[in-house]
Amino acid sequence: MSNHHNKLTVCPNCGTDLGPEDNFCPNCGQENHEVKLPLGHIFYEFAESITHFDNKLWNSLKAIFTRPGKMTAEFLEGKRARYVPPARLYVFVSVIFFFLIGKFADHQLEERIRRMNGISTDQTEADTTDRDTGIKIDLEGLINNDSLLDSHGLHKIATRIDFNTLVDSVGLARTSRRIKRLQPYQLDSLLTKANLTLADSNRAKLRELIELVPANPKVSFSFGPTLSTKEFKTDAEREEYEEKLSHMPDAQIDSLIRAEGDTPNWFMRKLYRRQGKLAHLGKGENTEKFLHASTKNLSVVMFVLMPFVAVLLLLIYFRRGRYYYEHLIFSVHIHTVLFLIFSVVLLSTYYVNPTVTTSILGWTLWVCWLYFLLSLKRVYQQSWGKTILKFLLLSVMYWFVATIFLIGSFGVGLLTF
């Protein structure tokens with residue numbers, strides 16, 4: 001390409017003298033041609049770079065989907081020009097994967113909310129008795145008046161009868177209406193489920209309880225030991241206390257922690273300060289923020305797992321005489337393939353029945369594990385017996401460490417969302 005443009009006598013990048021035969025600077029490698037280029041040439045270079053990347057990407061994808069481990073094996077043999085470099089391919093695929101997994105989490109959350117708040121148009125409200133997928137709440141929580149329950153002698157039975165509901169004003173009001181429309185056989189079903197005898201006295205108590213359920217229940221929730229011992233007259237009062245709690249100094253927080261019989265430390269302080277958000281998370285709020293924080297942490301976890309897997313490979317295949325970087329390239333490639341396969345599957349979940357999504361993801365995991373086994377066989381070239389044995393050992397160790405890391409990422413998500 002440099003032959004089409006005037007050459008320079010001095011490299012503008014490093015100042016090295018250049019001859020007319022130098023297409024590239026011998027010192028820094030920059031191409032030797034006029035710096036001021038026409039707009040058409042800039043577009044040409046851009047298109048060429050994209051096409052060049054596409055060719056490498058196509059070769060990489062072809063190797064990935066047709067012969068597990070081929071790309072890694074050839075890359076380690078020095079046949080690298082035809083493939084996208086491991087780090088670049090990982091970044092390219094992981095950006096797509098974590099974008100899709102974030103969208104997938106949002107989509108699943110929307111589906112859950114839709115199922116909790118609304119049913120298909122051809123269903124009546126009475127048909128949704130057993131279809132709600134919110135949290136469980138008993139009649140005591142719906143009535144939310146201990147003195148009233150005690151005065152009627154209904155407190156004990158009220159704690160044993162529960163319902164599924166979405167804990168917002170619309171969901172609670174709908175649950176109240178649904179409860180008041182229950183038929184006698186449905187009341188008997190509730191008593192049976194609560195292990196109460198089908199006696200007329202229990203039926204009368206249950207009907208009396210149902211009459212006490214307000215049309216628009218006001219439910220209060222607590223999370224953790226601090227709020228469980230403190231009562232609030234209104235939601236506003238509770239929210240004000242939670243806001244103060246989130247900004248309390250260490251000394252005051254430690255005092256609260258000790259009063260509840262716990263030992264003050266960094267984790268407990270963090271947990272107490274975030275009890276407001278965690279309480280609302282229990283009511284279905286802040287879930288999107290928590291999911292996004294956890295997804296971000298997941299990307300860090302997967303990045304850390306790659307060099308760890310390379311260490312495991314180095315230990316298990318130490319007699320093969322390979323260097324650590326070779327195992328690292330295998331680890332990067334296998335995680336890239338994992339992300340790529342799951343990216344395709346996550347895209348497909350938008351077009352399939354939500355009820356089969358879990359099954360699809362489960363089968364995909366098995367496919368990825370089989371791919372891992374076949375890749376080990378091709379790259380390390382050992383017998384099937386040794387390969388399977390080492391595959392099982394690697395799998396157990398990987399799942400153990402990955403589980404710890406994932407629990408940690410969700411824990412960090414709870415403390416940072």
# chains A, B, ... in the order shown; residues from 1 in each chain; ligands from 1
$ residues_around --residues "region 247-252 of chain A" --least-positions-apart "5" --cutoff "10 Å" --atoms "only C-alpha atoms" --output "PyMOL selection string"
chain A and resi 242+257+264-266+269-270+272-274
$ select_by_dssp --residues "region 143-204 of chain A" --states "alpha helix (DSSP H)" --output "mmCIF file with all heavy atoms, in the first residue's frame"
data_model
loop_
_atom_site.group_PDB
_atom_site.id
_atom_site.type_symbol
_atom_site.label_atom_id
_atom_site.label_comp_id
_atom_site.auth_asym_id
_atom_site.auth_seq_id
_atom_site.Cartn_x
_atom_site.Cartn_y
_atom_site.Cartn_z
ATOM 1 N N ILE A 143 -53.158 -8.950 57.685
ATOM 2 C CA ILE A 143 -54.004 -8.160 58.595
ATOM 3 C C ILE A 143 -53.164 -7.111 59.320
ATOM 4 O O ILE A 143 -53.608 -5.976 59.527
ATOM 5 C CB ILE A 143 -54.708 -9.103 59.590
ATOM 6 C CG1 ILE A 143 -55.652 -10.040 58.815
ATOM 7 C CG2 ILE A 143 -55.488 -8.313 60.641
ATOM 8 C CD1 ILE A 143 -56.239 -11.159 59.645
ATOM 9 N N ASP A 146 -51.734 -7.048 65.423
ATOM 10 C CA ASP A 146 -51.625 -8.099 66.433
ATOM 11 C C ASP A 146 -52.686 -7.971 67.516
ATOM 12 O O ASP A 146 -53.240 -8.974 67.986
ATOM 13 C CB ASP A 146 -50.233 -8.078 67.068
ATOM 14 C CG ASP A 146 -49.164 -8.583 66.109
ATOM 15 O OD1 ASP A 146 -49.528 -9.250 65.119
ATOM 16 O OD2 ASP A 146 -47.974 -8.315 66.351
ATOM 17 N N SER A 147 -52.971 -6.746 67.937
ATOM 18 C CA SER A 147 -53.948 -6.553 69.009
ATOM 19 C C SER A 147 -55.344 -7.018 68.568
ATOM 20 O O SER A 147 -56.090 -7.614 69.358
ATOM 21 C CB SER A 147 -53.991 -5.085 69.442
ATOM 22 O OG SER A 147 -54.332 -4.250 68.342
ATOM 23 N N LEU A 148 -55.678 -6.760 67.299
ATOM 24 C CA LEU A 148 -56.969 -7.191 66.773
ATOM 25 C C LEU A 148 -57.045 -8.711 66.727
ATOM 26 O O LEU A 148 -58.056 -9.311 67.101
ATOM 27 C CB LEU A 148 -57.192 -6.605 65.380
ATOM 28 C CG LEU A 148 -58.513 -6.967 64.678
ATOM 29 C CD1 LEU A 148 -59.700 -6.421 65.469
ATOM 30 C CD2 LEU A 148 -58.520 -6.412 63.254
ATOM 31 N N LEU A 149 -55.980 -9.349 66.298
ATOM 32 C CA LEU A 149 -55.947 -10.805 66.219
ATOM 33 C C LEU A 149 -56.038 -11.426 67.613
ATOM 34 O O LEU A 149 -56.744 -12.415 67.824
ATOM 35 C CB LEU A 149 -54.671 -11.269 65.520
ATOM 36 C CG LEU A 149 -54.568 -10.979 64.011
ATOM 37 C CD1 LEU A 149 -53.181 -11.317 63.495
ATOM 38 C CD2 LEU A 149 -55.613 -11.772 63.238
ATOM 39 N N ASP A 150 -55.319 -10.834 68.573
ATOM 40 C CA ASP A 150 -55.344 -11.361 69.933
ATOM 41 C C ASP A 150 -56.728 -11.217 70.561
ATOM 42 O O ASP A 150 -57.187 -12.119 71.277
ATOM 43 C CB ASP A 150 -54.301 -10.644 70.798
ATOM 44 C CG ASP A 150 -52.875 -11.022 70.403
ATOM 45 O OD1 ASP A 150 -52.695 -12.114 69.827
ATOM 46 O OD2 ASP A 150 -51.946 -10.224 70.644
ATOM 47 N N SER A 151 -57.381 -10.101 70.265
ATOM 48 C CA SER A 151 -58.707 -9.881 70.854
ATOM 49 C C SER A 151 -59.729 -10.881 70.323
ATOM 50 O O SER A 151 -60.702 -11.211 71.013
ATOM 51 C CB SER A 151 -59.178 -8.449 70.569
ATOM 52 O OG SER A 151 -59.378 -8.258 69.175
ATOM 53 N N HIS A 152 -59.515 -11.388 69.113
ATOM 54 C CA HIS A 152 -60.423 -12.380 68.535
ATOM 55 C C HIS A 152 -59.926 -13.817 68.760
ATOM 56 O O HIS A 152 -60.589 -14.766 68.336
ATOM 57 C CB HIS A 152 -60.586 -12.145 67.026
ATOM 58 C CG HIS A 152 -61.451 -10.974 66.687
ATOM 59 N ND1 HIS A 152 -61.040 -9.676 66.864
ATOM 60 C CD2 HIS A 152 -62.721 -10.900 66.185
ATOM 61 C CE1 HIS A 152 -61.991 -8.839 66.467
ATOM 62 N NE2 HIS A 152 -63.029 -9.569 66.059
ATOM 63 N N HIS A 155 -54.751 -15.289 66.561
ATOM 64 C CA HIS A 155 -53.346 -15.060 66.239
ATOM 65 C C HIS A 155 -52.652 -16.348 65.789
ATOM 66 O O HIS A 155 -51.885 -16.364 64.813
ATOM 67 C CB HIS A 155 -52.619 -14.458 67.442
ATOM 68 C CG HIS A 155 -51.289 -13.865 67.098
ATOM 69 N ND1 HIS A 155 -50.160 -14.642 66.980
ATOM 70 C CD2 HIS A 155 -50.916 -12.589 66.816
ATOM 71 C CE1 HIS A 155 -49.133 -13.861 66.662
ATOM 72 N NE2 HIS A 155 -49.571 -12.609 66.561
ATOM 73 N N LYS A 156 -52.910 -17.438 66.486
ATOM 74 C CA LYS A 156 -52.214 -18.690 66.205
ATOM 75 C C LYS A 156 -52.548 -19.230 64.822
ATOM 76 O O LYS A 156 -51.662 -19.614 64.046
ATOM 77 C CB LYS A 156 -52.561 -19.723 67.277
ATOM 78 C CG LYS A 156 -51.780 -21.024 67.140
ATOM 79 C CD LYS A 156 -52.104 -21.965 68.283
ATOM 80 C CE LYS A 156 -51.312 -23.264 68.158
ATOM 81 N NZ LYS A 156 -51.591 -24.194 69.271
ATOM 82 N N ILE A 157 -53.816 -19.275 64.484
ATOM 83 C CA ILE A 157 -54.207 -19.805 63.181
ATOM 84 C C ILE A 157 -53.793 -18.872 62.046
ATOM 85 O O ILE A 157 -53.503 -19.310 60.931
ATOM 86 C CB ILE A 157 -55.734 -20.078 63.136
ATOM 87 C CG1 ILE A 157 -56.100 -20.838 61.852
ATOM 88 C CG2 ILE A 157 -56.526 -18.796 63.245
ATOM 89 C CD1 ILE A 157 -57.553 -21.276 61.808
ATOM 90 N N ALA A 158 -53.722 -17.564 62.349
ATOM 91 C CA ALA A 158 -53.360 -16.584 61.314
ATOM 92 C C ALA A 158 -51.935 -16.782 60.821
ATOM 93 O O ALA A 158 -51.616 -16.469 59.667
ATOM 94 C CB ALA A 158 -53.532 -15.167 61.845
ATOM 95 N N SER A 169 -48.711 -2.462 46.178
ATOM 96 C CA SER A 169 -50.100 -2.131 46.490
ATOM 97 C C SER A 169 -51.086 -2.870 45.591
ATOM 98 O O SER A 169 -52.125 -3.344 46.040
ATOM 99 C CB SER A 169 -50.308 -0.615 46.378
ATOM 100 O OG SER A 169 -49.973 -0.153 45.079
ATOM 101 N N VAL A 170 -50.733 -2.994 44.300
ATOM 102 C CA VAL A 170 -51.625 -3.672 43.356
ATOM 103 C C VAL A 170 -51.709 -5.165 43.674
ATOM 104 O O VAL A 170 -52.787 -5.759 43.734
ATOM 105 C CB VAL A 170 -51.147 -3.459 41.906
ATOM 106 C CG1 VAL A 170 -52.012 -4.244 40.935
ATOM 107 C CG2 VAL A 170 -51.173 -1.968 41.557
ATOM 108 N N GLY A 171 -50.541 -5.793 43.885
ATOM 109 C CA GLY A 171 -50.519 -7.220 44.172
ATOM 110 C C GLY A 171 -51.217 -7.567 45.473
ATOM 111 O O GLY A 171 -51.941 -8.566 45.556
ATOM 112 N N LEU A 172 -51.015 -6.749 46.501
ATOM 113 C CA LEU A 172 -51.659 -7.011 47.792
ATOM 114 C C LEU A 172 -53.172 -6.839 47.703
ATOM 115 O O LEU A 172 -53.931 -7.623 48.282
ATOM 116 C CB LEU A 172 -51.070 -6.088 48.856
ATOM 117 C CG LEU A 172 -49.628 -6.408 49.277
ATOM 118 C CD1 LEU A 172 -49.056 -5.279 50.128
ATOM 119 C CD2 LEU A 172 -49.564 -7.722 50.040
ATOM 120 N N ALA A 173 -53.614 -5.806 46.999
ATOM 121 C CA ALA A 173 -55.056 -5.586 46.843
ATOM 122 C C ALA A 173 -55.693 -6.737 46.074
ATOM 123 O O ALA A 173 -56.787 -7.199 46.415
ATOM 124 C CB ALA A 173 -55.304 -4.254 46.133
ATOM 125 N N ARG A 174 -55.003 -7.213 45.054
ATOM 126 C CA ARG A 174 -55.531 -8.332 44.274
ATOM 127 C C ARG A 174 -55.602 -9.594 45.122
ATOM 128 O O ARG A 174 -56.561 -10.368 45.056
ATOM 129 C CB ARG A 174 -54.638 -8.582 43.058
ATOM 130 C CG ARG A 174 -55.248 -9.551 42.048
ATOM 131 C CD ARG A 174 -54.291 -9.852 40.932
ATOM 132 N NE ARG A 174 -53.188 -10.668 41.421
ATOM 133 C CZ ARG A 174 -52.132 -10.996 40.684
ATOM 134 N NH1 ARG A 174 -52.027 -10.524 39.457
ATOM 135 N NH2 ARG A 174 -51.175 -11.737 41.179
ATOM 136 N N THR A 175 -54.564 -9.807 45.959
ATOM 137 C CA THR A 175 -54.574 -10.971 46.847
ATOM 138 C C THR A 175 -55.732 -10.899 47.831
ATOM 139 O O THR A 175 -56.394 -11.905 48.117
ATOM 140 C CB THR A 175 -53.234 -11.058 47.605
ATOM 141 O OG1 THR A 175 -52.169 -11.205 46.664
ATOM 142 C CG2 THR A 175 -53.218 -12.246 48.563
ATOM 143 N N SER A 176 -55.994 -9.687 48.355
ATOM 144 C CA SER A 176 -57.105 -9.520 49.294
ATOM 145 C C SER A 176 -58.429 -9.876 48.628
ATOM 146 O O SER A 176 -59.254 -10.596 49.205
ATOM 147 C CB SER A 176 -57.142 -8.075 49.798
ATOM 148 O OG SER A 176 -58.260 -7.857 50.623
ATOM 149 N N ARG A 177 -58.644 -9.403 47.405
ATOM 150 C CA ARG A 177 -59.879 -9.707 46.691
ATOM 151 C C ARG A 177 -60.006 -11.204 46.424
ATOM 152 O O ARG A 177 -61.072 -11.782 46.540
ATOM 153 C CB ARG A 177 -59.928 -8.942 45.367
ATOM 154 C CG ARG A 177 -60.043 -7.421 45.517
ATOM 155 C CD ARG A 177 -60.438 -6.776 44.200
ATOM 156 N NE ARG A 177 -59.491 -7.063 43.131
ATOM 157 C CZ ARG A 177 -58.430 -6.321 42.861
ATOM 158 N NH1 ARG A 177 -58.163 -5.245 43.608
ATOM 159 N NH2 ARG A 177 -57.631 -6.624 41.857
ATOM 160 N N ARG A 178 -58.887 -11.810 46.064
ATOM 161 C CA ARG A 178 -58.893 -13.236 45.753
ATOM 162 C C ARG A 178 -59.241 -14.064 46.989
ATOM 163 O O ARG A 178 -60.019 -15.032 46.913
ATOM 164 C CB ARG A 178 -57.517 -13.649 45.234
ATOM 165 C CG ARG A 178 -57.456 -15.039 44.643
ATOM 166 C CD ARG A 178 -56.032 -15.382 44.266
ATOM 167 N NE ARG A 178 -55.230 -15.575 45.472
ATOM 168 C CZ ARG A 178 -53.906 -15.524 45.497
ATOM 169 N NH1 ARG A 178 -53.240 -15.223 44.402
ATOM 170 N NH2 ARG A 178 -53.253 -15.745 46.611
ATOM 171 N N ILE A 179 -58.670 -13.671 48.137
ATOM 172 C CA ILE A 179 -58.929 -14.413 49.374
ATOM 173 C C ILE A 179 -60.405 -14.358 49.744
ATOM 174 O O ILE A 179 -61.012 -15.360 50.150
ATOM 175 C CB ILE A 179 -58.055 -13.846 50.516
ATOM 176 C CG1 ILE A 179 -56.578 -14.189 50.268
ATOM 177 C CG2 ILE A 179 -58.494 -14.393 51.872
ATOM 178 C CD1 ILE A 179 -55.628 -13.517 51.226
ATOM 179 N N LYS A 180 -60.998 -13.178 49.589
ATOM 180 C CA LYS A 180 -62.401 -13.010 49.986
ATOM 181 C C LYS A 180 -63.366 -13.759 49.069
ATOM 182 O O LYS A 180 -64.543 -13.928 49.400
ATOM 183 C CB LYS A 180 -62.742 -11.523 50.041
ATOM 184 C CG LYS A 180 -61.994 -10.772 51.165
ATOM 185 C CD LYS A 180 -62.383 -9.317 51.217
ATOM 186 C CE LYS A 180 -61.578 -8.578 52.286
ATOM 187 N NZ LYS A 180 -61.879 -9.088 53.643
ATOM 188 N N PRO A 184 -65.820 -22.646 49.689
ATOM 189 C CA PRO A 184 -65.665 -23.532 50.864
ATOM 190 C C PRO A 184 -64.638 -24.642 50.662
ATOM 191 O O PRO A 184 -63.846 -24.932 51.566
ATOM 192 C CB PRO A 184 -67.080 -24.092 51.051
ATOM 193 C CG PRO A 184 -67.966 -23.016 50.513
ATOM 194 C CD PRO A 184 -67.246 -22.438 49.350
ATOM 195 N N TYR A 185 -64.589 -25.271 49.476
ATOM 196 C CA TYR A 185 -63.626 -26.345 49.262
ATOM 197 C C TYR A 185 -62.196 -25.809 49.260
ATOM 198 O O TYR A 185 -61.241 -26.508 49.645
ATOM 199 C CB TYR A 185 -63.941 -27.088 47.961
ATOM 200 C CG TYR A 185 -63.561 -26.355 46.695
ATOM 201 C CD1 TYR A 185 -62.312 -26.543 46.096
ATOM 202 C CD2 TYR A 185 -64.460 -25.474 46.088
ATOM 203 C CE1 TYR A 185 -61.967 -25.864 44.946
ATOM 204 C CE2 TYR A 185 -64.123 -24.800 44.937
ATOM 205 C CZ TYR A 185 -62.876 -24.994 44.362
ATOM 206 O OH TYR A 185 -62.534 -24.325 43.229
ATOM 207 N N GLN A 186 -62.020 -24.538 48.829
ATOM 208 C CA GLN A 186 -60.693 -23.934 48.845
ATOM 209 C C GLN A 186 -60.259 -23.606 50.273
ATOM 210 O O GLN A 186 -59.079 -23.713 50.613
ATOM 211 C CB GLN A 186 -60.685 -22.676 47.979
ATOM 212 C CG GLN A 186 -60.859 -22.967 46.494
ATOM 213 C CD GLN A 186 -61.011 -21.696 45.672
ATOM 214 O OE1 GLN A 186 -61.827 -20.838 45.983
ATOM 215 N NE2 GLN A 186 -60.218 -21.585 44.609
ATOM 216 N N LEU A 187 -61.226 -23.216 51.118
ATOM 217 C CA LEU A 187 -60.922 -22.963 52.523
ATOM 218 C C LEU A 187 -60.479 -24.255 53.206
ATOM 219 O O LEU A 187 -59.531 -24.265 54.000
ATOM 220 C CB LEU A 187 -62.136 -22.369 53.230
ATOM 221 C CG LEU A 187 -62.636 -21.016 52.706
ATOM 222 C CD1 LEU A 187 -63.855 -20.566 53.493
ATOM 223 C CD2 LEU A 187 -61.535 -19.969 52.787
ATOM 224 N N ASP A 188 -61.164 -25.342 52.881
ATOM 225 C CA ASP A 188 -60.776 -26.638 53.447
ATOM 226 C C ASP A 188 -59.360 -27.024 52.990
ATOM 227 O O ASP A 188 -58.581 -27.607 53.750
ATOM 228 C CB ASP A 188 -61.766 -27.721 53.030
ATOM 229 C CG ASP A 188 -63.074 -27.640 53.814
ATOM 230 O OD1 ASP A 188 -63.133 -26.830 54.775
ATOM 231 O OD2 ASP A 188 -64.024 -28.375 53.475
ATOM 232 N N SER A 189 -59.050 -26.691 51.757
ATOM 233 C CA SER A 189 -57.714 -26.983 51.234
ATOM 234 C C SER A 189 -56.646 -26.211 52.011
ATOM 235 O O SER A 189 -55.566 -26.734 52.299
ATOM 236 C CB SER A 189 -57.653 -26.631 49.746
ATOM 237 O OG SER A 189 -56.363 -26.855 49.232
ATOM 238 N N LEU A 190 -56.949 -24.956 52.350
ATOM 239 C CA LEU A 190 -56.014 -24.152 53.138
ATOM 240 C C LEU A 190 -55.816 -24.753 54.528
ATOM 241 O O LEU A 190 -54.686 -24.791 55.047
ATOM 242 C CB LEU A 190 -56.531 -22.720 53.259
ATOM 243 C CG LEU A 190 -56.480 -21.863 51.994
ATOM 244 C CD1 LEU A 190 -57.159 -20.514 52.245
ATOM 245 C CD2 LEU A 190 -55.029 -21.641 51.557
ATOM 246 N N LEU A 191 -56.892 -25.202 55.145
ATOM 247 C CA LEU A 191 -56.786 -25.810 56.473
ATOM 248 C C LEU A 191 -55.963 -27.098 56.415
ATOM 249 O O LEU A 191 -55.127 -27.350 57.294
ATOM 250 C CB LEU A 191 -58.192 -26.099 57.024
ATOM 251 C CG LEU A 191 -59.042 -24.878 57.395
ATOM 252 C CD1 LEU A 191 -60.461 -25.304 57.760
ATOM 253 C CD2 LEU A 191 -58.412 -24.100 58.551
ATOM 254 N N THR A 192 -56.187 -27.885 55.392
ATOM 255 C CA THR A 192 -55.431 -29.128 55.238
ATOM 256 C C THR A 192 -53.948 -28.845 55.035
ATOM 257 O O THR A 192 -53.082 -29.508 55.616
ATOM 258 C CB THR A 192 -55.970 -29.934 54.044
ATOM 259 O OG1 THR A 192 -57.353 -30.214 54.251
ATOM 260 C CG2 THR A 192 -55.198 -31.236 53.878
ATOM 261 N N LYS A 193 -53.657 -27.861 54.208
ATOM 262 C CA LYS A 193 -52.276 -27.488 53.944
ATOM 263 C C LYS A 193 -51.579 -27.009 55.210
ATOM 264 O O LYS A 193 -50.361 -27.209 55.388
ATOM 265 C CB LYS A 193 -52.227 -26.384 52.872
ATOM 266 C CG LYS A 193 -50.838 -25.976 52.442
ATOM 267 C CD LYS A 193 -50.912 -24.899 51.379
ATOM 268 C CE LYS A 193 -49.523 -24.424 50.987
ATOM 269 N NZ LYS A 193 -49.591 -23.335 49.978
ATOM 270 N N ASP A 200 -65.650 -27.554 62.138
ATOM 271 C CA ASP A 200 -66.448 -26.337 61.938
ATOM 272 C C ASP A 200 -65.839 -25.153 62.672
ATOM 273 O O ASP A 200 -65.913 -24.017 62.181
ATOM 274 C CB ASP A 200 -67.885 -26.573 62.416
ATOM 275 C CG ASP A 200 -68.643 -27.529 61.493
ATOM 276 O OD1 ASP A 200 -68.204 -27.683 60.333
ATOM 277 O OD2 ASP A 200 -69.649 -28.104 61.935
ATOM 278 N N SER A 201 -65.226 -25.407 63.825
ATOM 279 C CA SER A 201 -64.618 -24.305 64.587
ATOM 280 C C SER A 201 -63.473 -23.668 63.812
ATOM 281 O O SER A 201 -63.341 -22.437 63.775
ATOM 282 C CB SER A 201 -64.113 -24.821 65.940
ATOM 283 O OG SER A 201 -63.159 -25.869 65.747
ATOM 284 N N ASN A 202 -62.636 -24.497 63.166
ATOM 285 C CA ASN A 202 -61.523 -23.958 62.375
ATOM 286 C C ASN A 202 -62.029 -23.260 61.124
ATOM 287 O O ASN A 202 -61.462 -22.245 60.688
ATOM 288 C CB ASN A 202 -60.559 -25.080 61.996
ATOM 289 C CG ASN A 202 -59.679 -25.514 63.161
ATOM 290 O OD1 ASN A 202 -59.454 -24.748 64.098
ATOM 291 N ND2 ASN A 202 -59.198 -26.753 63.111
ATOM 292 N N ARG A 203 -63.071 -23.801 60.525
ATOM 293 C CA ARG A 203 -63.650 -23.138 59.353
ATOM 294 C C ARG A 203 -64.184 -21.765 59.730
ATOM 295 O O ARG A 203 -64.006 -20.786 58.985
ATOM 296 C CB ARG A 203 -64.771 -23.996 58.769
ATOM 297 C CG ARG A 203 -64.312 -25.305 58.130
ATOM 298 C CD ARG A 203 -65.462 -25.983 57.401
ATOM 299 N NE ARG A 203 -65.056 -27.230 56.775
ATOM 300 C CZ ARG A 203 -65.252 -28.432 57.295
ATOM 301 N NH1 ARG A 203 -65.864 -28.553 58.480
ATOM 302 N NH2 ARG A 203 -64.858 -29.522 56.650
ATOM 303 N N ALA A 204 -64.841 -21.675 60.895
ATOM 304 C CA ALA A 204 -65.395 -20.392 61.353
ATOM 305 C C ALA A 204 -64.272 -19.392 61.628
ATOM 306 O O ALA A 204 -64.385 -18.207 61.286
ATOM 307 C CB ALA A 204 -66.243 -20.615 62.606
#
$ residues_around --residues "Val301 (chain A)" --least-positions-apart "3" --cutoff "12 Å" --atoms "only C-alpha atoms" --output "ChimeraX atom specification"
/A:294-298,304-308,335,401-410,412
$ atom_distance --atom1 "CA of Gly102 (chain A)" --atom2 "CA of Ser331 (chain A)"
23.6 Å
$ atom_distance --atom1 "CA of Pro12 (chain A)" --atom2 "CA of Asn27 (chain A)"
11.6 Å
$ residues_around --residues "region 366-372 of chain A" --least-positions-apart "6" --cutoff "7 Å" --atoms "only C-alpha atoms" --output "list in words"
Pro68, Ile334 and Leu338 of chain A
$ closest_residue --among "A:Glu74, A:Ala194, A:Ser255, A:Leu154" --to "Ile210 (chain A)" --atoms "only C-alpha atoms"
A:Leu154
$ closest_residue --among "A:Lys377, A:Ser359, A:Tyr350, A:Gly29" --to "Ile101 (chain A)" --atoms "only C-alpha atoms"
A:Tyr350
$ atom_distance --atom1 "CA of Asn32 (chain A)" --atom2 "CA of Lys7 (chain A)"
5.7 Å
$ residues_around --residues "Leu374 (chain A)" --least-positions-apart "5" --cutoff "10 Å" --atoms "only C-alpha atoms" --output "PyMOL selection string"
chain A and resi 67-70+368-369+379+384+387-388+391
$ residues_around --residues "Ala87 (chain A)" --least-positions-apart "5" --cutoff "10 Å" --atoms "only C-alpha atoms" --output "list of chain:residue names"
A:Phe92, A:Ile329, A:Val332, A:His333, A:Thr336
$ closest_residue --among "A:Trp58, A:Phe104, A:Phe267, A:Trp363" --to "Ile341 (chain A)" --atoms "only C-alpha atoms"
A:Trp363
$ residues_around --residues "Gly19 (chain A)" --least-positions-apart "4" --cutoff "12 Å" --atoms "only C-alpha atoms" --output "mmCIF file with N, CA and C atoms, in the first residue's frame"
data_model
loop_
_atom_site.group_PDB
_atom_site.id
_atom_site.type_symbol
_atom_site.label_atom_id
_atom_site.label_comp_id
_atom_site.auth_asym_id
_atom_site.auth_seq_id
_atom_site.Cartn_x
_atom_site.Cartn_y
_atom_site.Cartn_z
ATOM 1 N N LYS A 7 6.852 8.677 -0.168
ATOM 2 C CA LYS A 7 7.553 8.219 1.028
ATOM 3 C C LYS A 7 8.242 9.384 1.710
ATOM 4 N N LEU A 8 8.497 9.197 3.008
ATOM 5 C CA LEU A 8 9.145 10.225 3.809
ATOM 6 C C LEU A 8 10.622 9.896 3.972
ATOM 7 N N THR A 9 11.420 10.915 4.255
ATOM 8 C CA THR A 9 12.860 10.699 4.479
ATOM 9 C C THR A 9 13.179 10.555 5.960
ATOM 10 N N VAL A 10 12.228 10.984 6.815
ATOM 11 C CA VAL A 10 12.413 10.863 8.268
ATOM 12 C C VAL A 10 11.119 10.315 8.868
ATOM 13 N N CYS A 11 11.258 9.341 9.741
ATOM 14 C CA CYS A 11 10.070 8.752 10.387
ATOM 15 C C CYS A 11 9.446 9.785 11.327
ATOM 16 N N ASN A 23 9.883 0.662 3.221
ATOM 17 C CA ASN A 23 8.418 0.738 3.316
ATOM 18 C C ASN A 23 7.945 0.898 4.755
ATOM 19 N N PHE A 24 8.807 0.468 5.687
ATOM 20 C CA PHE A 24 8.503 0.603 7.115
ATOM 21 C C PHE A 24 9.742 1.115 7.829
ATOM 22 N N CYS A 25 9.540 1.826 8.911
ATOM 23 C CA CYS A 25 10.656 2.334 9.697
ATOM 24 C C CYS A 25 11.388 1.159 10.333
ATOM 25 N N PRO A 26 12.734 1.044 10.139
ATOM 26 C CA PRO A 26 13.478 -0.079 10.728
ATOM 27 C C PRO A 26 13.575 0.008 12.248
ATOM 28 N N ASN A 32 5.865 3.696 6.145
ATOM 29 C CA ASN A 32 6.505 4.892 5.595
ATOM 30 C C ASN A 32 5.704 5.425 4.414
ATOM 31 N N HIS A 33 4.839 6.399 4.690
ATOM 32 C CA HIS A 33 4.163 7.115 3.620
ATOM 33 C C HIS A 33 3.683 8.455 4.155
#
